[in-house]
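A short worksheet on the structure shown next.
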There are 2 protein chains.
Amino acid sequence: MEERSLPRAERRRRTEGRILDAARALFADVGYERTTIRAVAKAAEIDPALVMQYFGNKQELFRQAVRVTPVPEADLDADELVERLLGTINLKMAKLPQSSLAMMRSMLTHPEAAVSAREVLSGQIDRLAESLPAEDARVRAALVMTIMLGVTVGHQLLELDELRDLPHEEIARVLRPALRAITAPDGS
Amino acid sequence: MEERSLPRAERRRRTEGRILDAARALFADVGYERTTIRAVAKAAEIDPALVMQYFGNKQELFRQAVRVTPVPEADLDADELVERLLGTINLKMAKLPQSSLAMMRSMLTHPEAAVSAREVLSGQIDRLAESLPAEDARVRAALVMTIMLGVTVGHQLLELDELRDLPHEEIARVLRPALRAITAPDGS
DNA sequence: CCCTTCGCTCAACGTACGTTGACTCAACGA
DNA sequence: TCGTTGAGTCAACGTACGTTGAGCGAAGGG
């Protein structure tokens, strides 16, 4: 399959994909403000104006780039959810999805990214809180999620030397008792 | 003491103070990129050009605004350090220093803020690691600090509903066992 | 084969920003 | 009192950005 003269639909799909990939990479690396339409276009090897034709404006490009398809999960108990969370750190070592990194990178400085981040976190807090017995379940669930947020930020975005090249099992091993201490108040 | 006609030195001091206060507030609220010299000047009720005369450029203004005077602390053991950390959450309820919030708000999108954040965190990780017995002290210290980072981000910057108006004692109460689980590996 | 559709480029507009240089005027020192 | 210093203002420059509209050329349908 040569580069030129593909069916129109296919050609459109590929171009849109290249734009989204380039946008995700840049949003994840430098955040919303420092990512320019021009830079996205150059990375996707097209003209800046084409980005506008595809997505209308920068805001909408960001929206599409970070759109995360929520994975419907079966009912899990607290311990299983904690393991699932610790597993996402694993994922992170091999790179958390660019869309998530893009959202996290921008959540402190771009209002709409902040809204998305709050929504995603609240959703996960709700799900975790449901499987916690304590009456302060929401507080505990929120703290678990902010802990994961902080570790991910330090590890993936700030790239702290102390965590950078650490086998994910070790992070999980040290973190597990801490999360358990929150999810299982007085020893389960 | 009237507003006009103060001694020159005093007048200079006050103007510089107003600029720095305005800059800190804006950097803390919207981050480095969205904070404009013009907005800082308007908040300080002066001309934008005066900001340049005082600080040279935006980068240097940010540097001065977030400059944190590190408090030299006595030697503390791990438990005392954890309590100290939990206490800073207390401080946060009554507002963490604007300079710290400004740095945190910008750390994911402004390279120099990221460097500062890493330095501050590394310093605290070092200090905490010294008072931890385990051989993986640095990893444990790093995780404790990223946990505090995440809770602070969720609480102060993202302002998650679940944490927003929560008495700091409650956060500390739930968080304490988790931090202890990391600093005191197999029960101290 | 021709007309339409459409992916794509090119050149440009308007704006907001950081930054600069010339200027004003009151405080200051002799 | 007079010349100098320095705080503060004003108008403007250059630039980078998001965004737009006209146009080109190949694909697609009749």
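Every chain in the structure tokens takes a letter, A first, then B, and so on in the order presented; its residues are numbered from 1, and the ligands are numbered from 1 following the presented order.
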Write out as a CSV table (one decimal) with C-alpha atoms (C1' of nucleotides), in the first residue's frame every residue belonging to chain C that has an atom at most 10 Å from any atom of chain B, counting only C-alpha atoms (C1' of nucleotides).
chain,number,residue,atom,x,y,z
C,16,DA,C1',-2.3,39.4,22.8
C,17,DC,C1',1.8,39.2,24.6
C,18,DG,C1',6.8,40.3,26.4
C,19,DT,C1',9.6,43.9,26.0
C,20,DT,C1',11.9,48.6,24.9
C,26,DA,C1',8.8,64.6,42.3
C,27,DA,C1',12.5,63.4,45.7
C,28,DC,C1',17.1,64.2,46.9
Apply DSSP to the backbone of this structure and, from stretch 61-121 of chain B, keep only the residues in alpha helix (DSSP H); write these as an MDAnalysis selection string.
-> chainID B and resid 61:66 78:93 98:106 111:121
Let me see the file: selected residues, C-alpha atoms, as a PDB file, in the first residue's frame.
ATOM      1  CA  LEU B  61       9.618  37.747  38.195  1.00  0.00           C
ATOM      2  CA  PHE B  62       8.475  34.157  38.566  1.00  0.00           C
ATOM      3  CA  ARG B  63      11.783  33.183  40.129  1.00  0.00           C
ATOM      4  CA  GLN B  64      11.505  35.907  42.764  1.00  0.00           C
ATOM      5  CA  ALA B  65       7.812  35.242  43.355  1.00  0.00           C
ATOM      6  CA  VAL B  66       8.279  31.563  44.136  1.00  0.00           C
ATOM      7  CA  ALA B  78      10.588   9.657  61.150  1.00  0.00           C
ATOM      8  CA  ASP B  79       7.389   9.854  63.178  1.00  0.00           C
ATOM      9  CA  GLU B  80       7.996  13.470  63.978  1.00  0.00           C
ATOM     10  CA  LEU B  81       8.651  14.218  60.323  1.00  0.00           C
ATOM     11  CA  VAL B  82       5.423  12.499  59.337  1.00  0.00           C
ATOM     12  CA  GLU B  83       3.530  14.592  61.860  1.00  0.00           C
ATOM     13  CA  ARG B  84       5.238  17.654  60.480  1.00  0.00           C
ATOM     14  CA  LEU B  85       4.110  16.697  56.991  1.00  0.00           C
ATOM     15  CA  LEU B  86       0.571  16.046  58.135  1.00  0.00           C
ATOM     16  CA  GLY B  87       0.723  19.443  59.789  1.00  0.00           C
ATOM     17  CA  THR B  88       1.450  21.114  56.494  1.00  0.00           C
ATOM     18  CA  ILE B  89      -1.963  19.915  55.353  1.00  0.00           C
ATOM     19  CA  ASN B  90      -3.258  21.883  58.286  1.00  0.00           C
ATOM     20  CA  LEU B  91      -1.393  24.867  56.968  1.00  0.00           C
ATOM     21  CA  LYS B  92      -3.007  24.246  53.624  1.00  0.00           C
ATOM     22  CA  MET B  93      -6.496  24.573  54.998  1.00  0.00           C
ATOM     23  CA  GLN B  98       1.152  31.471  47.836  1.00  0.00           C
ATOM     24  CA  SER B  99       4.700  30.998  46.637  1.00  0.00           C
ATOM     25  CA  SER B 100       4.423  27.234  47.080  1.00  0.00           C
ATOM     26  CA  LEU B 101       1.050  27.102  45.376  1.00  0.00           C
ATOM     27  CA  ALA B 102       2.449  29.166  42.516  1.00  0.00           C
ATOM     28  CA  MET B 103       5.296  26.719  42.049  1.00  0.00           C
ATOM     29  CA  MET B 104       3.030  23.687  42.258  1.00  0.00           C
ATOM     30  CA  ARG B 105       0.467  25.171  39.892  1.00  0.00           C
ATOM     31  CA  SER B 106       3.142  25.664  37.240  1.00  0.00           C
ATOM     32  CA  PRO B 111      10.125  23.822  32.780  1.00  0.00           C
ATOM     33  CA  GLU B 112      11.781  26.045  35.363  1.00  0.00           C
ATOM     34  CA  ALA B 113       8.968  25.453  37.834  1.00  0.00           C
ATOM     35  CA  ALA B 114       9.468  21.738  37.270  1.00  0.00           C
ATOM     36  CA  VAL B 115      13.153  22.084  38.146  1.00  0.00           C
ATOM     37  CA  SER B 116      12.294  23.974  41.334  1.00  0.00           C
ATOM     38  CA  ALA B 117       9.674  21.420  42.292  1.00  0.00           C
ATOM     39  CA  ARG B 118      12.143  18.576  41.804  1.00  0.00           C
ATOM     40  CA  GLU B 119      14.744  20.371  43.900  1.00  0.00           C
ATOM     41  CA  VAL B 120      12.348  21.061  46.742  1.00  0.00           C
ATOM     42  CA  LEU B 121      11.019  17.513  46.690  1.00  0.00           C
TER      43      LEU B 121
END
All Cα atoms, paired in order, least squares: that's the fit I need for chain B onto chain A, output as a PDB file with C-alpha atoms, in the first residue's frame.
ATOM      1  CA  MET B   1      -0.270  -0.038   0.064  1.00  0.00           C
ATOM      2  CA  GLU B   2       1.570   3.035  -1.140  1.00  0.00           C
ATOM      3  CA  GLU B   3       1.453   6.390   0.544  1.00  0.00           C
ATOM      4  CA  ARG B   4      -0.308   8.248  -2.233  1.00  0.00           C
ATOM      5  CA  SER B   5      -3.730   7.794  -3.758  1.00  0.00           C
ATOM      6  CA  LEU B   6      -5.661   5.924  -1.126  1.00  0.00           C
ATOM      7  CA  PRO B   7      -9.435   5.877  -1.033  1.00  0.00           C
ATOM      8  CA  ARG B   8     -10.683   9.149   0.329  1.00  0.00           C
ATOM      9  CA  ALA B   9     -12.242   7.774   3.498  1.00  0.00           C
ATOM     10  CA  GLU B  10      -9.101   5.865   4.382  1.00  0.00           C
ATOM     11  CA  ARG B  11      -6.903   8.827   3.652  1.00  0.00           C
ATOM     12  CA  ARG B  12      -9.023  11.006   5.885  1.00  0.00           C
ATOM     13  CA  ARG B  13      -8.896   8.450   8.664  1.00  0.00           C
ATOM     14  CA  ARG B  14      -5.117   8.254   8.560  1.00  0.00           C
ATOM     15  CA  THR B  15      -4.601  12.002   8.516  1.00  0.00           C
ATOM     16  CA  GLU B  16      -6.944  12.471  11.445  1.00  0.00           C
ATOM     17  CA  GLY B  17      -5.061   9.725  13.266  1.00  0.00           C
ATOM     18  CA  ARG B  18      -1.707  11.373  12.628  1.00  0.00           C
ATOM     19  CA  ILE B  19      -3.020  14.703  13.895  1.00  0.00           C
ATOM     20  CA  LEU B  20      -4.432  13.159  17.053  1.00  0.00           C
ATOM     21  CA  ASP B  21      -1.252  11.198  17.737  1.00  0.00           C
ATOM     22  CA  ALA B  22       0.891  14.287  17.277  1.00  0.00           C
ATOM     23  CA  ALA B  23      -1.442  16.353  19.446  1.00  0.00           C
ATOM     24  CA  ARG B  24      -1.503  13.768  22.214  1.00  0.00           C
ATOM     25  CA  ALA B  25       2.277  13.530  22.260  1.00  0.00           C
ATOM     26  CA  LEU B  26       2.693  17.296  22.446  1.00  0.00           C
ATOM     27  CA  PHE B  27      -0.078  17.870  24.993  1.00  0.00           C
ATOM     28  CA  ALA B  28       1.454  15.119  27.133  1.00  0.00           C
ATOM     29  CA  ASP B  29       4.942  16.572  26.840  1.00  0.00           C
ATOM     30  CA  VAL B  30       4.422  20.294  27.277  1.00  0.00           C
ATOM     31  CA  GLY B  31       0.758  20.807  28.168  1.00  0.00           C
ATOM     32  CA  TYR B  32      -2.056  22.717  26.540  1.00  0.00           C
ATOM     33  CA  GLU B  33      -0.662  26.242  26.455  1.00  0.00           C
ATOM     34  CA  ARG B  34       2.765  25.421  25.059  1.00  0.00           C
ATOM     35  CA  THR B  35       1.355  23.104  22.430  1.00  0.00           C
ATOM     36  CA  THR B  36       0.802  25.099  19.242  1.00  0.00           C
ATOM     37  CA  ILE B  37      -1.365  24.153  16.292  1.00  0.00           C
ATOM     38  CA  ARG B  38       1.653  24.852  14.144  1.00  0.00           C
ATOM     39  CA  ALA B  39       3.773  22.342  16.041  1.00  0.00           C
ATOM     40  CA  VAL B  40       1.037  19.702  15.859  1.00  0.00           C
ATOM     41  CA  ALA B  41       0.751  20.267  12.119  1.00  0.00           C
ATOM     42  CA  LYS B  42       4.494  20.004  11.608  1.00  0.00           C
ATOM     43  CA  ALA B  43       4.647  16.764  13.587  1.00  0.00           C
ATOM     44  CA  ALA B  44       1.767  15.394  11.508  1.00  0.00           C
ATOM     45  CA  GLU B  45       3.453  16.683   8.345  1.00  0.00           C
ATOM     46  CA  ILE B  46       0.528  18.762   7.183  1.00  0.00           C
ATOM     47  CA  ASP B  47      -0.508  22.405   7.008  1.00  0.00           C
ATOM     48  CA  PRO B  48      -1.710  24.106  10.212  1.00  0.00           C
ATOM     49  CA  ALA B  49      -4.923  25.106   8.486  1.00  0.00           C
ATOM     50  CA  LEU B  50      -5.791  21.465   7.983  1.00  0.00           C
ATOM     51  CA  VAL B  51      -5.849  20.917  11.731  1.00  0.00           C
ATOM     52  CA  MET B  52      -8.515  23.609  11.940  1.00  0.00           C
ATOM     53  CA  GLN B  53     -10.538  21.978   9.164  1.00  0.00           C
ATOM     54  CA  TYR B  54     -10.501  18.703  11.030  1.00  0.00           C
ATOM     55  CA  PHE B  55     -11.157  19.922  14.575  1.00  0.00           C
ATOM     56  CA  GLY B  56     -12.472  23.458  14.348  1.00  0.00           C
ATOM     57  CA  ASN B  57     -10.313  24.934  17.064  1.00  0.00           C
ATOM     58  CA  LYS B  58      -7.563  24.094  19.522  1.00  0.00           C
ATOM     59  CA  GLN B  59      -9.982  23.497  22.363  1.00  0.00           C
ATOM     60  CA  GLU B  60     -11.825  20.826  20.398  1.00  0.00           C
ATOM     61  CA  LEU B  61      -8.564  19.234  19.281  1.00  0.00           C
ATOM     62  CA  PHE B  62      -7.596  18.890  22.924  1.00  0.00           C
ATOM     63  CA  ARG B  63     -11.003  17.475  23.777  1.00  0.00           C
ATOM     64  CA  GLN B  64     -10.710  14.778  21.116  1.00  0.00           C
ATOM     65  CA  ALA B  65      -7.076  14.058  21.955  1.00  0.00           C
ATOM     66  CA  VAL B  66      -7.734  13.368  25.624  1.00  0.00           C
ATOM     67  CA  ARG B  67     -11.101  11.679  25.156  1.00  0.00           C
ATOM     68  CA  VAL B  68     -10.745   8.517  27.175  1.00  0.00           C
ATOM     69  CA  THR B  69     -12.947   5.549  26.482  1.00  0.00           C
ATOM     70  CA  PRO B  70     -13.847   4.374  29.970  1.00  0.00           C
ATOM     71  CA  VAL B  71     -13.401   0.650  30.377  1.00  0.00           C
ATOM     72  CA  PRO B  72     -16.504  -0.853  31.930  1.00  0.00           C
ATOM     73  CA  GLU B  73     -15.306  -3.008  34.787  1.00  0.00           C
ATOM     74  CA  ALA B  74     -16.961  -5.791  36.688  1.00  0.00           C
ATOM     75  CA  ASP B  75     -17.725  -5.424  40.370  1.00  0.00           C
ATOM     76  CA  LEU B  76     -14.584  -5.762  42.411  1.00  0.00           C
ATOM     77  CA  ASP B  77     -13.994  -5.630  46.126  1.00  0.00           C
ATOM     78  CA  ALA B  78     -11.676  -3.107  47.708  1.00  0.00           C
ATOM     79  CA  ASP B  79      -8.554  -5.262  47.691  1.00  0.00           C
ATOM     80  CA  GLU B  80      -9.033  -6.109  44.066  1.00  0.00           C
ATOM     81  CA  LEU B  81      -9.509  -2.446  43.224  1.00  0.00           C
ATOM     82  CA  VAL B  82      -6.322  -1.553  45.067  1.00  0.00           C
ATOM     83  CA  GLU B  83      -4.442  -4.188  43.106  1.00  0.00           C
ATOM     84  CA  ARG B  84      -5.957  -2.804  39.947  1.00  0.00           C
ATOM     85  CA  LEU B  85      -4.735   0.657  40.890  1.00  0.00           C
ATOM     86  CA  LEU B  86      -1.276  -0.610  41.718  1.00  0.00           C
ATOM     87  CA  GLY B  87      -1.344  -2.324  38.349  1.00  0.00           C
ATOM     88  CA  THR B  88      -1.866   0.963  36.587  1.00  0.00           C
ATOM     89  CA  ILE B  89       1.534   1.994  37.917  1.00  0.00           C
ATOM     90  CA  ASN B  90       2.796  -1.025  36.062  1.00  0.00           C
ATOM     91  CA  LEU B  91       1.118   0.305  32.974  1.00  0.00           C
ATOM     92  CA  LYS B  92       2.835   3.595  33.607  1.00  0.00           C
ATOM     93  CA  MET B  93       6.278   2.081  33.460  1.00  0.00           C
ATOM     94  CA  ALA B  94       5.461   0.995  29.938  1.00  0.00           C
ATOM     95  CA  LYS B  95       3.798   4.361  29.518  1.00  0.00           C
ATOM     96  CA  LEU B  96       0.342   5.248  30.642  1.00  0.00           C
ATOM     97  CA  PRO B  97      -1.873   6.112  27.660  1.00  0.00           C
ATOM     98  CA  GLN B  98      -0.771   9.397  26.100  1.00  0.00           C
ATOM     99  CA  SER B  99      -4.286  10.742  26.393  1.00  0.00           C
ATOM    100  CA  SER B 100      -4.192  10.363  30.173  1.00  0.00           C
ATOM    101  CA  LEU B 101      -0.763  11.937  30.425  1.00  0.00           C
ATOM    102  CA  ALA B 102      -1.956  14.808  28.249  1.00  0.00           C
ATOM    103  CA  MET B 103      -4.887  15.433  30.557  1.00  0.00           C
ATOM    104  CA  MET B 104      -2.766  15.197  33.691  1.00  0.00           C
ATOM    105  CA  ARG B 105      -0.048  17.432  32.280  1.00  0.00           C
ATOM    106  CA  SER B 106      -2.592  20.175  31.621  1.00  0.00           C
ATOM    107  CA  MET B 107      -4.950  19.743  34.564  1.00  0.00           C
ATOM    108  CA  LEU B 108      -3.343  22.403  36.741  1.00  0.00           C
ATOM    109  CA  THR B 109      -3.195  25.164  34.161  1.00  0.00           C
ATOM    110  CA  HIS B 110      -5.957  24.486  31.630  1.00  0.00           C
ATOM    111  CA  PRO B 111      -9.466  24.938  33.069  1.00  0.00           C
ATOM    112  CA  GLU B 112     -11.124  22.378  30.821  1.00  0.00           C
ATOM    113  CA  ALA B 113      -8.440  19.812  31.582  1.00  0.00           C
ATOM    114  CA  ALA B 114      -9.080  20.468  35.261  1.00  0.00           C
ATOM    115  CA  VAL B 115     -12.778  19.729  34.767  1.00  0.00           C
ATOM    116  CA  SER B 116     -11.964  16.474  32.974  1.00  0.00           C
ATOM    117  CA  ALA B 117      -9.498  15.465  35.660  1.00  0.00           C
ATOM    118  CA  ARG B 118     -12.069  16.104  38.381  1.00  0.00           C
ATOM    119  CA  GLU B 119     -14.670  14.076  36.510  1.00  0.00           C
ATOM    120  CA  VAL B 120     -12.361  11.130  35.980  1.00  0.00           C
ATOM    121  CA  LEU B 121     -11.188  11.201  39.582  1.00  0.00           C
ATOM    122  CA  SER B 122     -14.691  11.578  40.962  1.00  0.00           C
ATOM    123  CA  GLY B 123     -15.836   8.618  38.902  1.00  0.00           C
ATOM    124  CA  GLN B 124     -13.082   6.447  40.282  1.00  0.00           C
ATOM    125  CA  ILE B 125     -13.658   7.732  43.783  1.00  0.00           C
ATOM    126  CA  ASP B 126     -17.325   6.785  43.516  1.00  0.00           C
ATOM    127  CA  ARG B 127     -16.541   3.310  42.315  1.00  0.00           C
ATOM    128  CA  LEU B 128     -13.957   2.725  45.013  1.00  0.00           C
ATOM    129  CA  ALA B 129     -16.155   4.200  47.733  1.00  0.00           C
ATOM    130  CA  GLU B 130     -18.916   1.721  46.927  1.00  0.00           C
ATOM    131  CA  SER B 131     -16.711  -1.184  47.886  1.00  0.00           C
ATOM    132  CA  LEU B 132     -15.450   0.369  51.105  1.00  0.00           C
ATOM    133  CA  PRO B 133     -17.279  -0.532  54.318  1.00  0.00           C
ATOM    134  CA  ALA B 134     -16.484   2.512  56.435  1.00  0.00           C
ATOM    135  CA  GLU B 135     -18.906   5.394  56.738  1.00  0.00           C
ATOM    136  CA  ASP B 136     -16.192   7.826  55.679  1.00  0.00           C
ATOM    137  CA  ALA B 137     -15.793   5.765  52.522  1.00  0.00           C
ATOM    138  CA  ARG B 138     -15.769   8.766  50.227  1.00  0.00           C
ATOM    139  CA  VAL B 139     -12.979  10.478  52.112  1.00  0.00           C
ATOM    140  CA  ARG B 140     -10.940   7.293  52.127  1.00  0.00           C
ATOM    141  CA  ALA B 141     -11.586   6.685  48.457  1.00  0.00           C
ATOM    142  CA  ALA B 142     -10.639  10.266  47.629  1.00  0.00           C
ATOM    143  CA  LEU B 143      -7.368   9.968  49.532  1.00  0.00           C
ATOM    144  CA  VAL B 144      -6.519   6.700  47.811  1.00  0.00           C
ATOM    145  CA  MET B 145      -7.058   8.335  44.432  1.00  0.00           C
ATOM    146  CA  THR B 146      -5.073  11.468  45.271  1.00  0.00           C
ATOM    147  CA  ILE B 147      -2.268   9.223  46.483  1.00  0.00           C
ATOM    148  CA  MET B 148      -2.241   7.458  43.145  1.00  0.00           C
ATOM    149  CA  LEU B 149      -2.383  10.825  41.455  1.00  0.00           C
ATOM    150  CA  GLY B 150       0.628  12.102  43.361  1.00  0.00           C
ATOM    151  CA  VAL B 151       2.713   9.008  42.748  1.00  0.00           C
ATOM    152  CA  THR B 152       1.869   9.147  39.057  1.00  0.00           C
ATOM    153  CA  VAL B 153       2.688  12.831  38.818  1.00  0.00           C
ATOM    154  CA  GLY B 154       5.993  12.370  40.606  1.00  0.00           C
ATOM    155  CA  HIS B 155       6.839   9.324  38.562  1.00  0.00           C
ATOM    156  CA  GLN B 156       5.535  10.084  35.071  1.00  0.00           C
ATOM    157  CA  LEU B 157       5.407  13.855  34.800  1.00  0.00           C
ATOM    158  CA  LEU B 158       8.025  15.223  37.185  1.00  0.00           C
ATOM    159  CA  GLU B 159      10.174  12.139  36.636  1.00  0.00           C
ATOM    160  CA  LEU B 160      11.737  12.273  40.065  1.00  0.00           C
ATOM    161  CA  ASP B 161      15.159  10.652  40.114  1.00  0.00           C
ATOM    162  CA  GLU B 162      14.179   8.543  43.098  1.00  0.00           C
ATOM    163  CA  LEU B 163      11.333   6.884  41.212  1.00  0.00           C
ATOM    164  CA  ARG B 164      12.310   7.122  37.560  1.00  0.00           C
ATOM    165  CA  ASP B 165      13.939   3.792  36.899  1.00  0.00           C
ATOM    166  CA  LEU B 166      12.389   1.731  39.618  1.00  0.00           C
ATOM    167  CA  PRO B 167      10.768  -1.649  38.918  1.00  0.00           C
ATOM    168  CA  HIS B 168       7.053  -1.136  39.289  1.00  0.00           C
ATOM    169  CA  GLU B 169       6.857  -4.135  41.585  1.00  0.00           C
ATOM    170  CA  GLU B 170       8.899  -2.262  44.136  1.00  0.00           C
ATOM    171  CA  ILE B 171       6.657   0.771  44.060  1.00  0.00           C
ATOM    172  CA  ALA B 172       3.637  -1.466  44.374  1.00  0.00           C
ATOM    173  CA  ARG B 173       5.235  -3.418  47.221  1.00  0.00           C
ATOM    174  CA  VAL B 174       5.882  -0.288  49.291  1.00  0.00           C
ATOM    175  CA  LEU B 175       2.620   1.364  48.368  1.00  0.00           C
ATOM    176  CA  ARG B 176       0.335  -1.613  48.962  1.00  0.00           C
ATOM    177  CA  PRO B 177       0.362  -1.544  52.786  1.00  0.00           C
ATOM    178  CA  ALA B 178      -0.266   2.197  52.711  1.00  0.00           C
ATOM    179  CA  LEU B 179      -3.349   1.861  50.515  1.00  0.00           C
ATOM    180  CA  ARG B 180      -4.576  -1.096  52.560  1.00  0.00           C
ATOM    181  CA  ALA B 181      -4.228   1.009  55.695  1.00  0.00           C
ATOM    182  CA  ILE B 182      -6.736   3.406  54.207  1.00  0.00           C
ATOM    183  CA  THR B 183      -9.167   0.951  52.628  1.00  0.00           C
ATOM    184  CA  ALA B 184      -9.195  -1.425  55.607  1.00  0.00           C
ATOM    185  CA  PRO B 185      -9.528   0.940  58.592  1.00  0.00           C
ATOM    186  CA  ASP B 186      -8.761  -1.310  61.559  1.00  0.00           C
ATOM    187  CA  GLY B 187      -7.225  -4.325  59.866  1.00  0.00           C
ATOM    188  CA  SER B 188      -9.613  -6.429  57.826  1.00  0.00           C
TER     189      SER B 188
END
Worksheet entry | Residues of chain D within 8 Å of chain A, only C-alpha atoms (C1' of nucleotides) counted, as a list in words | DC17, DG18, DT19 and DA27 of chain D
Mind dumping the selected residues with N, CA and C atoms (P, O5', C5', C4', C3', O3' and C1' of nucleotides) as an mmCIF file, in the first residue's frame?
data_model
loop_
_atom_site.group_PDB
_atom_site.id
_atom_site.type_symbol
_atom_site.label_atom_id
_atom_site.label_comp_id
_atom_site.auth_asym_id
_atom_site.auth_seq_id
_atom_site.Cartn_x
_atom_site.Cartn_y
_atom_site.Cartn_z
ATOM 1 P P DC D 17 4.444 29.913 18.530
ATOM 2 O "O5'" DC D 17 2.864 29.963 18.581
ATOM 3 C "C5'" DC D 17 2.235 30.476 19.762
ATOM 4 C "C4'" DC D 17 0.901 31.071 19.412
ATOM 5 C "C3'" DC D 17 0.014 30.143 18.583
ATOM 6 O "O3'" DC D 17 -0.794 29.373 19.451
ATOM 7 C "C1'" DC D 17 -0.160 32.472 17.934
ATOM 8 P P DG D 18 -1.621 28.114 18.798
ATOM 9 O "O5'" DG D 18 -3.006 28.793 18.419
ATOM 10 C "C5'" DG D 18 -3.789 29.387 19.442
ATOM 11 C "C4'" DG D 18 -5.006 30.074 18.851
ATOM 12 C "C3'" DG D 18 -5.945 29.149 18.073
ATOM 13 O "O3'" DG D 18 -7.293 29.501 18.363
ATOM 14 C "C1'" DG D 18 -5.132 30.868 16.645
ATOM 15 P P DT D 19 -8.498 28.674 17.719
ATOM 16 O "O5'" DT D 19 -8.702 29.395 16.323
ATOM 17 C "C5'" DT D 19 -8.942 30.812 16.317
ATOM 18 C "C4'" DT D 19 -8.984 31.321 14.897
ATOM 19 C "C3'" DT D 19 -9.813 30.467 13.925
ATOM 20 O "O3'" DT D 19 -11.000 31.183 13.590
ATOM 21 C "C1'" DT D 19 -7.792 31.291 12.943
ATOM 22 P P DA D 27 -5.571 10.559 -7.300
ATOM 23 O "O5'" DA D 27 -7.052 10.280 -6.797
ATOM 24 C "C5'" DA D 27 -7.296 10.263 -5.404
ATOM 25 C "C4'" DA D 27 -8.776 10.443 -5.126
ATOM 26 C "C3'" DA D 27 -9.669 9.290 -5.626
ATOM 27 O "O3'" DA D 27 -10.562 8.942 -4.586
ATOM 28 C "C1'" DA D 27 -10.474 11.347 -6.451
#
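Of note, atom C1' of C:DC6 and atom C1' of D:DG28 are spaced 9.9 Å apart.
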I'd like the contact shell of C:DA22 - 12 Å cut-off, only C-alpha atoms (C1' of nucleotides), skipping same-chain residues fewer than 5 positions apart - returned as number ranges by chain. D: 9-12
I need the residues from that last selection saved to file as a PDB file, in the first residue's frame (with C-alpha atoms (C1' of nucleotides)), if you can.
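Output saved as again.pdb:
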ATOM      1  C1'  DT D   9       4.075  56.451  32.626  1.00  0.00           C
ATOM      2  C1'  DC D  10       3.173  56.275  27.637  1.00  0.00           C
ATOM      3  C1'  DA D  11       3.327  54.720  23.142  1.00  0.00           C
ATOM      4  C1'  DA D  12       5.145  51.582  20.394  1.00  0.00           C
TER       5       DA D  12
END
